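**Q** Contents of model21.tsv (TSV, N, CA and C atoms) are below:
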chain	number	residue	atom	x	y	z
I	51	ASP	N	11.81	-12.04	7.45
I	51	ASP	CA	13.04	-12.76	7.72
I	51	ASP	C	13.52	-13.33	6.38
I	52	PRO	N	14.68	-13.05	5.88
I	52	PRO	CA	15.77	-12.32	6.50
I	52	PRO	C	15.51	-10.81	6.52
I	53	PRO	N	16.27	-10.08	7.35
I	53	PRO	CA	16.10	-8.62	7.44
I	53	PRO	C	16.35	-7.94	6.09
I	54	ILE	N	15.62	-6.85	5.89
I	54	ILE	CA	15.80	-6.03	4.70
I	54	ILE	C	16.65	-4.83	5.08
I	55	VAL	N	17.61	-4.48	4.24
I	55	VAL	CA	18.47	-3.34	4.46
I	55	VAL	C	18.14	-2.30	3.39
I	56	HIS	N	17.68	-1.14	3.81
I	56	HIS	CA	17.25	-0.10	2.88
I	56	HIS	C	18.44	0.48	2.12
I	57	GLN	N	19.51	0.80	2.78
I	57	GLN	CA	20.77	1.34	2.26
I	57	GLN	C	20.72	2.79	1.79
I	58	ASP	N	19.55	3.42	1.86
I	58	ASP	CA	19.46	4.83	1.44
I	58	ASP	C	18.47	5.57	2.32
I	59	PHE	N	18.54	5.33	3.64
I	59	PHE	CA	17.66	5.96	4.60
I	59	PHE	C	18.16	7.38	4.82
I	60	THR	N	17.44	8.35	4.28
I	60	THR	CA	17.79	9.77	4.41
I	60	THR	C	16.51	10.58	4.54
I	61	PRO	N	16.61	11.83	4.96
I	61	PRO	CA	15.41	12.68	5.01
I	61	PRO	C	14.72	12.80	3.65
I	62	ASP	N	15.48	12.72	2.57
I	62	ASP	CA	14.90	12.80	1.23
I	62	ASP	C	13.95	11.64	0.94
I	63	ASN	N	14.11	10.54	1.66
I	63	ASN	CA	13.28	9.36	1.42
I	63	ASN	C	12.19	9.18	2.47
I	64	LEU	N	11.87	10.25	3.17
I	64	LEU	CA	10.77	10.25	4.13
I	64	LEU	C	9.65	11.15	3.63
I	65	LEU	N	8.44	10.66	3.67
I	65	LEU	CA	7.27	11.43	3.27
I	65	LEU	C	6.24	11.37	4.39
I	66	VAL	N	5.50	12.46	4.56
I	66	VAL	CA	4.39	12.48	5.50
I	66	VAL	C	3.12	12.20	4.72
I	67	GLU	N	2.40	11.17	5.13
I	67	GLU	CA	1.18	10.76	4.46
I	67	GLU	C	0.07	11.78	4.72
I	68	THR	N	-0.51	12.29	3.66
I	68	THR	CA	-1.60	13.26	3.77
I	68	THR	C	-2.78	12.63	4.49
I	69	GLY	N	-3.37	13.38	5.40
I	69	GLY	CA	-4.55	12.92	6.11
I	69	GLY	C	-4.26	12.20	7.40
I	70	THR	N	-3.16	11.43	7.45
I	70	THR	CA	-2.84	10.67	8.66
I	70	THR	C	-1.61	11.23	9.38
I	71	SER	N	-0.80	11.99	8.68
I	71	SER	CA	0.45	12.53	9.21
I	71	SER	C	1.44	11.44	9.60
I	72	LYS	N	1.24	10.24	9.05
I	72	LYS	CA	2.19	9.15	9.30
I	72	LYS	C	3.43	9.35	8.43
I	73	LEU	N	4.56	9.06	9.00
I	73	LEU	CA	5.83	9.16	8.29
I	73	LEU	C	6.07	7.86	7.54
I	74	LYS	N	6.40	7.97	6.26
I	74	LYS	CA	6.62	6.79	5.41
I	74	LYS	C	8.02	6.83	4.82
I	75	LEU	N	8.70	5.70	4.86
I	75	LEU	CA	10.00	5.55	4.20
I	75	LEU	C	9.74	5.05	2.79
I	76	VAL	N	10.34	5.74	1.80
I	76	VAL	CA	10.13	5.39	0.39
I	76	VAL	C	11.47	5.11	-0.28
I	77	ASP	N	11.42	4.81	-1.55
I	77	ASP	CA	12.59	4.57	-2.41
I	77	ASP	C	13.38	3.34	-1.97
I	78	PHE	N	12.79	2.21	-2.24
I	78	PHE	CA	13.42	0.93	-1.91
I	78	PHE	C	14.18	0.36	-3.11
I	79	ASN	N	14.63	1.22	-4.02
I	79	ASN	CA	15.31	0.78	-5.23
I	79	ASN	C	16.60	0.01	-4.98
I	80	VAL	N	17.32	0.35	-3.92
I	80	VAL	CA	18.60	-0.31	-3.67
I	80	VAL	C	18.53	-1.28	-2.50
I	81	THR	N	17.34	-1.54	-2.00
I	81	THR	CA	17.15	-2.43	-0.87
I	81	THR	C	17.59	-3.85	-1.22
I	82	ARG	N	18.17	-4.50	-0.26
I	82	ARG	CA	18.63	-5.87	-0.43
I	82	ARG	C	18.25	-6.68	0.81
I	83	GLU	N	18.08	-7.97	0.62
I	83	GLU	CA	17.96	-8.86	1.77
I	83	GLU	C	19.34	-8.99	2.36
I	84	GLU	N	19.40	-8.98	3.68
I	84	GLU	CA	20.69	-8.98	4.36
I	84	GLU	C	21.56	-10.17	3.95
I	85	VAL	N	20.99	-11.33	3.73
I	85	VAL	CA	21.80	-12.49	3.36
I	85	VAL	C	22.47	-12.32	2.00
I	86	SER	N	21.95	-11.44	1.17
I	86	SER	CA	22.56	-11.25	-0.15
I	86	SER	C	23.49	-10.03	-0.17
I	87	MET	N	23.86	-9.52	0.98
I	87	MET	CA	24.68	-8.31	1.05
I	87	MET	C	26.17	-8.63	0.91
I	88	ARG	N	26.51	-9.56	0.13
I	88	ARG	CA	27.91	-9.97	-0.01
I	88	ARG	C	28.62	-9.26	-1.17
I	89	THR	N	27.94	-8.35	-1.84
I	89	THR	CA	28.56	-7.63	-2.95
I	89	THR	C	29.25	-6.38	-2.43
I	90	ASN	N	30.03	-5.75	-3.25
I	90	ASN	CA	30.72	-4.53	-2.87
I	90	ASN	C	30.00	-3.30	-3.41
I	91	LEU	N	28.69	-3.40	-3.63
I	91	LEU	CA	27.89	-2.29	-4.10
I	91	LEU	C	27.79	-1.23	-3.01
I	92	VAL	N	28.17	0.01	-3.33
I	92	VAL	CA	28.09	1.11	-2.38
I	92	VAL	C	27.07	2.10	-2.91
I	93	VAL	N	25.98	2.26	-2.15
I	93	VAL	CA	24.93	3.20	-2.53
I	93	VAL	C	24.55	4.00	-1.29
I	94	GLY	N	23.94	5.16	-1.52
I	94	GLY	CA	23.48	5.98	-0.41
I	94	GLY	C	24.12	7.35	-0.43
I	95	LYS	N	23.62	8.21	0.43
I	95	LYS	CA	24.09	9.58	0.55
I	95	LYS	C	25.18	9.63	1.62
I	96	GLN	N	26.33	10.19	1.29
I	96	GLN	CA	27.51	10.13	2.16
I	96	GLN	C	27.27	10.54	3.60
I	97	ALA	N	26.56	11.63	3.83
I	97	ALA	CA	26.37	12.13	5.19
I	97	ALA	C	25.56	11.18	6.07
I	98	PHE	N	24.86	10.22	5.47
I	98	PHE	CA	24.00	9.31	6.21
I	98	PHE	C	24.49	7.86	6.14
I	99	MET	N	25.65	7.65	5.57
I	99	MET	CA	26.16	6.30	5.33
I	99	MET	C	27.20	5.89	6.37
I	100	PRO	N	27.01	4.74	7.01
I	100	PRO	CA	27.97	4.27	8.01
I	100	PRO	C	29.23	3.69	7.36
I	101	PRO	N	30.30	3.57	8.14
I	101	PRO	CA	31.57	3.08	7.58
I	101	PRO	C	31.46	1.74	6.86
I	102	GLU	N	30.70	0.79	7.40
I	102	GLU	CA	30.63	-0.53	6.77
I	102	GLU	C	29.94	-0.48	5.41
I	103	GLN	N	29.06	0.47	5.23
I	103	GLN	CA	28.37	0.59	3.94
I	103	GLN	C	29.32	1.13	2.88
I	104	PHE	N	30.24	2.01	3.28
I	104	PHE	CA	31.27	2.49	2.35
I	104	PHE	C	32.12	1.32	1.84
I	105	LYS	N	32.24	0.29	2.66
I	105	LYS	CA	33.03	-0.88	2.30
I	105	LYS	C	32.20	-1.94	1.58
I	106	GLY	N	30.92	-1.62	1.30
I	106	GLY	CA	30.04	-2.57	0.62
I	106	GLY	C	29.55	-3.68	1.52
I	107	LYS	N	29.54	-3.46	2.84
I	107	LYS	CA	29.14	-4.48	3.81
I	107	LYS	C	27.97	-4.02	4.66
I	108	ALA	N	26.95	-3.45	4.03
I	108	ALA	CA	25.78	-2.94	4.77
I	108	ALA	C	25.03	-4.08	5.46
I	109	SER	N	24.45	-3.75	6.61
I	109	SER	CA	23.62	-4.69	7.37
I	109	SER	C	22.47	-3.91	7.98
I	110	SER	N	21.61	-4.58	8.72
I	110	SER	CA	20.46	-3.89	9.29
I	110	SER	C	20.88	-2.77	10.25
I	111	VAL	N	22.01	-2.90	10.92
I	111	VAL	CA	22.45	-1.82	11.81
I	111	VAL	C	22.99	-0.63	11.01
I	112	SER	N	23.25	-0.83	9.72
I	112	SER	CA	23.63	0.30	8.86
I	112	SER	C	22.45	1.27	8.73
I	113	ASP	N	21.25	0.74	8.62
I	113	ASP	CA	20.07	1.59	8.56
I	113	ASP	C	19.83	2.31	9.88
I	114	ILE	N	20.22	1.72	11.00
I	114	ILE	CA	20.09	2.39	12.30
I	114	ILE	C	21.02	3.59	12.34
I	115	TYR	N	22.24	3.44	11.81
I	115	TYR	CA	23.15	4.59	11.72
I	115	TYR	C	22.50	5.70	10.89
I	116	ALA	N	21.94	5.34	9.74
I	116	ALA	CA	21.32	6.33	8.87
I	116	ALA	C	20.11	6.98	9.54
I	117	LEU	N	19.35	6.22	10.31
I	117	LEU	CA	18.23	6.78	11.05
I	117	LEU	C	18.73	7.78	12.09
I	118	GLY	N	19.80	7.44	12.79
I	118	GLY	CA	20.38	8.38	13.75
I	118	GLY	C	20.82	9.67	13.09
I	119	CYS	N	21.45	9.55	11.92
I	119	CYS	CA	21.86	10.74	11.16
I	119	CYS	C	20.65	11.55	10.72
I	120	THR	N	19.58	10.86	10.35
I	120	THR	CA	18.35	11.54	9.93
I	120	THR	C	17.73	12.29	11.11
I	121	LEU	N	17.71	11.68	12.29
I	121	LEU	CA	17.20	12.37	13.48
I	121	LEU	C	18.04	13.60	13.79
I	122	TYR	N	19.35	13.48	13.63
I	122	TYR	CA	20.25	14.63	13.82
I	122	TYR	C	19.87	15.74	12.84
I	123	PHE	N	19.68	15.39	11.58
I	123	PHE	CA	19.32	16.37	10.56
I	123	PHE	C	17.99	17.05	10.90
I	124	LEU	N	17.01	16.27	11.32
I	124	LEU	CA	15.71	16.83	11.65
I	124	LEU	C	15.79	17.79	12.84
I	125	TYR	N	16.68	17.52	13.78
I	125	TYR	CA	16.84	18.41	14.94
I	125	TYR	C	17.70	19.63	14.61
I	126	GLN	N	18.84	19.40	13.97
I	126	GLN	CA	19.81	20.47	13.72
I	126	GLN	C	19.50	21.29	12.46
I	127	GLY	N	18.81	20.67	11.50
I	127	GLY	CA	18.54	21.37	10.25
I	127	GLY	C	19.71	21.39	9.30
I	128	GLU	N	20.69	20.52	9.56
I	128	GLU	CA	21.84	20.39	8.67
I	128	GLU	C	22.32	18.95	8.67
I	129	GLU	N	22.95	18.57	7.57
I	129	GLU	CA	23.46	17.20	7.47
I	129	GLU	C	24.63	17.01	8.42
I	130	PRO	N	24.76	15.81	8.96
I	130	PRO	CA	25.93	15.52	9.79
I	130	PRO	C	27.18	15.38	8.92
I	131	GLU	N	28.32	15.54	9.53
I	131	GLU	CA	29.58	15.28	8.83
I	131	GLU	C	29.62	13.79	8.50
I	132	PRO	N	30.04	13.44	7.29
I	132	PRO	CA	30.15	12.01	6.96
I	132	PRO	C	31.10	11.27	7.90
I	133	LEU	N	30.75	10.04	8.19
I	133	LEU	CA	31.56	9.13	9.00
I	133	LEU	C	31.92	9.71	10.37
I	134	THR	N	30.91	10.27	11.03
I	134	THR	CA	31.10	10.78	12.39
I	134	THR	C	29.99	10.26	13.29
I	135	VAL	N	30.24	10.39	14.58
I	135	VAL	CA	29.22	10.10	15.58
I	135	VAL	C	28.44	11.40	15.78
I	136	CYS	N	27.13	11.34	15.67
I	136	CYS	CA	26.29	12.54	15.81
I	136	CYS	C	26.08	12.87	17.28
I	137	ARG	N	26.27	14.13	17.60
I	137	ARG	CA	26.03	14.64	18.95
I	137	ARG	C	25.38	16.01	18.84
I	138	ILE	N	24.57	16.35	19.82
I	138	ILE	CA	23.98	17.67	19.91
I	138	ILE	C	24.90	18.50	20.79
I	139	GLU	N	25.41	19.58	20.25
I	139	GLU	CA	26.31	20.46	21.01
I	139	GLU	C	25.50	21.43	21.85
I	140	GLY	N	26.10	21.93	22.92
I	140	GLY	CA	25.45	22.93	23.76
I	140	GLY	C	24.19	22.41	24.42
I	141	LYS	N	24.26	21.23	25.00
I	141	LYS	CA	23.08	20.62	25.63
I	141	LYS	C	22.67	21.46	26.85
I	142	GLU	N	21.46	22.05	26.78
I	142	GLU	CA	21.00	22.92	27.85
I	142	GLU	C	20.32	22.18	29.00
I	143	ASP	N	19.82	20.99	28.73
I	143	ASP	CA	19.07	20.29	29.77
I	143	ASP	C	19.24	18.78	29.65
I	144	ALA	N	18.67	18.09	30.61
I	144	ALA	CA	18.81	16.63	30.67
I	144	ALA	C	18.16	15.94	29.48
I	145	ILE	N	17.04	16.49	28.97
I	145	ILE	CA	16.36	15.88	27.83
I	145	ILE	C	17.26	15.93	26.60
I	146	LEU	N	17.86	17.09	26.32
I	146	LEU	CA	18.76	17.21	25.16
I	146	LEU	C	20.00	16.36	25.34
I	147	GLU	N	20.49	16.26	26.55
I	147	GLU	CA	21.65	15.43	26.83
I	147	GLU	C	21.34	13.96	26.54
I	148	GLU	N	20.14	13.52	26.94
I	148	GLU	CA	19.73	12.14	26.68
I	148	GLU	C	19.53	11.91	25.18
I	149	PHE	N	18.92	12.88	24.50
I	149	PHE	CA	18.74	12.78	23.05
I	149	PHE	C	20.09	12.67	22.36
I	150	SER	N	21.06	13.47	22.78
I	150	SER	CA	22.40	13.42	22.21
I	150	SER	C	23.03	12.05	22.44
I	151	SER	N	22.81	11.49	23.62
I	151	SER	CA	23.34	10.16	23.94
I	151	SER	C	22.71	9.09	23.04
I	152	ILE	N	21.40	9.20	22.78
I	152	ILE	CA	20.72	8.26	21.89
I	152	ILE	C	21.29	8.38	20.48
I	153	LEU	N	21.47	9.61	20.00
I	153	LEU	CA	22.04	9.81	18.66
I	153	LEU	C	23.45	9.23	18.58
I	154	SER	N	24.24	9.46	19.62
I	154	SER	CA	25.62	8.96	19.63
I	154	SER	C	25.68	7.44	19.53
I	155	LYS	N	24.79	6.77	20.27
I	155	LYS	CA	24.78	5.30	20.21
I	155	LYS	C	24.27	4.83	18.85
I	156	ALA	N	23.25	5.48	18.32
I	156	ALA	CA	22.71	5.08	17.01
I	156	ALA	C	23.73	5.26	15.90
I	157	THR	N	24.62	6.24	16.05
I	157	THR	CA	25.60	6.55	15.00
I	157	THR	C	27.02	6.15	15.38
I	158	ALA	N	27.15	5.22	16.30
I	158	ALA	CA	28.49	4.72	16.66
I	158	ALA	C	29.17	4.20	15.40
I	159	LEU	N	30.44	4.50	15.25
I	159	LEU	CA	31.17	4.06	14.06
I	159	LEU	C	31.38	2.55	14.05
I	160	ASP	N	31.45	1.94	15.22
I	160	ASP	CA	31.54	0.49	15.35
I	160	ASP	C	30.11	-0.06	15.38
I	161	ALA	N	29.74	-0.81	14.37
I	161	ALA	CA	28.37	-1.33	14.26
I	161	ALA	C	27.95	-2.14	15.48
I	162	ALA	N	28.86	-2.81	16.13
I	162	ALA	CA	28.54	-3.62	17.30
I	162	ALA	C	28.14	-2.76	18.50
I	163	LYS	N	28.50	-1.49	18.50
I	163	LYS	CA	28.18	-0.59	19.62
I	163	LYS	C	26.89	0.19	19.39
I	164	ARG	N	26.26	0.02	18.21
I	164	ARG	CA	24.99	0.69	17.92
I	164	ARG	C	23.84	-0.09	18.53
I	165	TYR	N	22.65	0.53	18.51
I	165	TYR	CA	21.43	-0.24	18.80
I	165	TYR	C	21.40	-1.35	17.76
I	166	GLN	N	21.04	-2.54	18.18
I	166	GLN	CA	21.08	-3.68	17.26
I	166	GLN	C	19.76	-3.92	16.54
I	167	THR	N	18.70	-3.27	17.03
I	167	THR	CA	17.41	-3.37	16.35
I	167	THR	C	16.74	-2.00	16.35
I	168	ALA	N	15.87	-1.79	15.39
I	168	ALA	CA	15.10	-0.55	15.33
I	168	ALA	C	14.17	-0.47	16.54
I	169	GLY	N	13.68	-1.60	17.01
I	169	GLY	CA	12.81	-1.63	18.18
I	169	GLY	C	13.50	-1.11	19.43
I	170	GLU	N	14.76	-1.46	19.58
I	170	GLU	CA	15.54	-0.99	20.72
I	170	GLU	C	15.68	0.54	20.68
I	171	LEU	N	15.96	1.08	19.52
I	171	LEU	CA	16.07	2.54	19.35
I	171	LEU	C	14.70	3.19	19.56
I	172	LYS	N	13.66	2.60	19.03
I	172	LYS	CA	12.30	3.13	19.20
I	172	LYS	C	11.93	3.21	20.67
I	173	ASP	N	12.25	2.17	21.45
I	173	ASP	CA	11.95	2.18	22.88
I	173	ASP	C	12.65	3.33	23.59
I	174	LYS	N	13.90	3.56	23.27
I	174	LYS	CA	14.66	4.67	23.88
I	174	LYS	C	14.02	6.01	23.54
I	175	LEU	N	13.64	6.19	22.27
I	175	LEU	CA	13.02	7.45	21.85
I	175	LEU	C	11.65	7.64	22.50
I	176	GLU	N	10.87	6.58	22.62
I	176	GLU	CA	9.56	6.68	23.27
I	176	GLU	C	9.70	7.06	24.73
I	177	ARG	N	10.68	6.49	25.43
I	177	ARG	CA	10.90	6.84	26.84
I	177	ARG	C	11.31	8.31	26.96
I	178	LEU	N	12.12	8.77	26.01
I	178	LEU	CA	12.53	10.17	26.01
I	178	LEU	C	11.32	11.09	25.77
I	179	LEU	N	10.45	10.71	24.84
I	179	LEU	CA	9.25	11.51	24.58
I	179	LEU	C	8.32	11.55	25.79
I	180	GLU	N	8.23	10.44	26.52
I	180	GLU	CA	7.44	10.42	27.74
I	180	GLU	C	8.00	11.40	28.76
I	181	LYS	N	9.31	11.42	28.93
I	181	LYS	CA	9.95	12.37	29.84
I	181	LYS	C	9.67	13.81	29.41
I	182	LEU	N	9.75	14.04	28.12
I	182	LEU	CA	9.51	15.37	27.59
I	182	LEU	C	8.06	15.80	27.85
I	183	ALA	N	7.12	14.89	27.65
I	183	ALA	CA	5.71	15.20	27.88
I	183	ALA	C	5.42	15.49	29.35
I	184	ASN	N	6.15	14.83	30.24
I	184	ASN	CA	5.95	15.01	31.68
I	184	ASN	C	6.80	16.13	32.26
I	185	ASN	N	7.59	16.79	31.43
I	185	ASN	CA	8.51	17.83	31.90
I	185	ASN	C	8.33	19.08	31.03
I	186	PRO	N	7.26	19.84	31.28
I	186	PRO	CA	6.97	20.98	30.39
I	186	PRO	C	7.99	22.08	30.41
Is it possible to give me this structure as structure tokens?
**A**
Amino acid sequence: DPPIVHQDFTPDNLLVETGTSKLKLVDFNVTREEVSMRTNLVVGKQAFMPPEQFKGKASSVSDIYALGCTLYFLYQGEEPEPLTVCRIEGKEDAILEEFSSILSKATALDAAKRYQTAGELKDKLERLLEKLANNP
């Protein structure tokens, strides 16, 4: 406390730890404490950057947008269009439809309409994984 804002959450900054297969977020060079985010510094990769970060007003929900874009990239294998809401096209089943809905909320252009905490997004993803595990 106060929250830390990474500002450069992208697939390039994720590493899998050898031996444990744990995913690690790296490159905290531009990280700021949220209370000090009053500058107009704009950093990050365009395809993963939310609208408020382009304006130099990043907050903790900015990283949630970037995480949603990263999940989209990991599923689709391509970067999302900058400043868009991520959706999975051609949803074949209820699981993909729910995943697309989670991505859409995580990448809402209005920060107030996004998940407000990483824990909230994590809970949604865990529930989806449980459904997937129980639905072969």
**Q** Quick one: distance from CA of Pro101 (chain I) to CA of Leu159 (chain I) in Å, one decimal?
**A**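 About the pair CA of Pro101 (chain I) and CA of Leu159 (chain I): they are 6.6 Å apart.
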**Q** Report as a tab-separated table the residues of region 83-164 of chain I within 7 Å of region 60-74 of chain I, each with its shortest atom pair and distance in Å (one decimal), using only C-alpha atoms, ordered by chain and increasing residue number.
**A**
residue	atom	partner	partner_atom	distance
I:Phe98	CA	I:Thr60	CA	6.5
I:Ala116	CA	I:Thr60	CA	6.6
I:Thr120	CA	I:Thr60	CA	5.8
**Q** Can you list, as number ranges by chain, every protein, DNA or RNA residue that comes within 8 Å of Ile138 (chain I) when you count only C-alpha atoms, leaving out same-chain residues fewer than 5 positions away?
**A** I: 122, 126, 146-147, 149-150
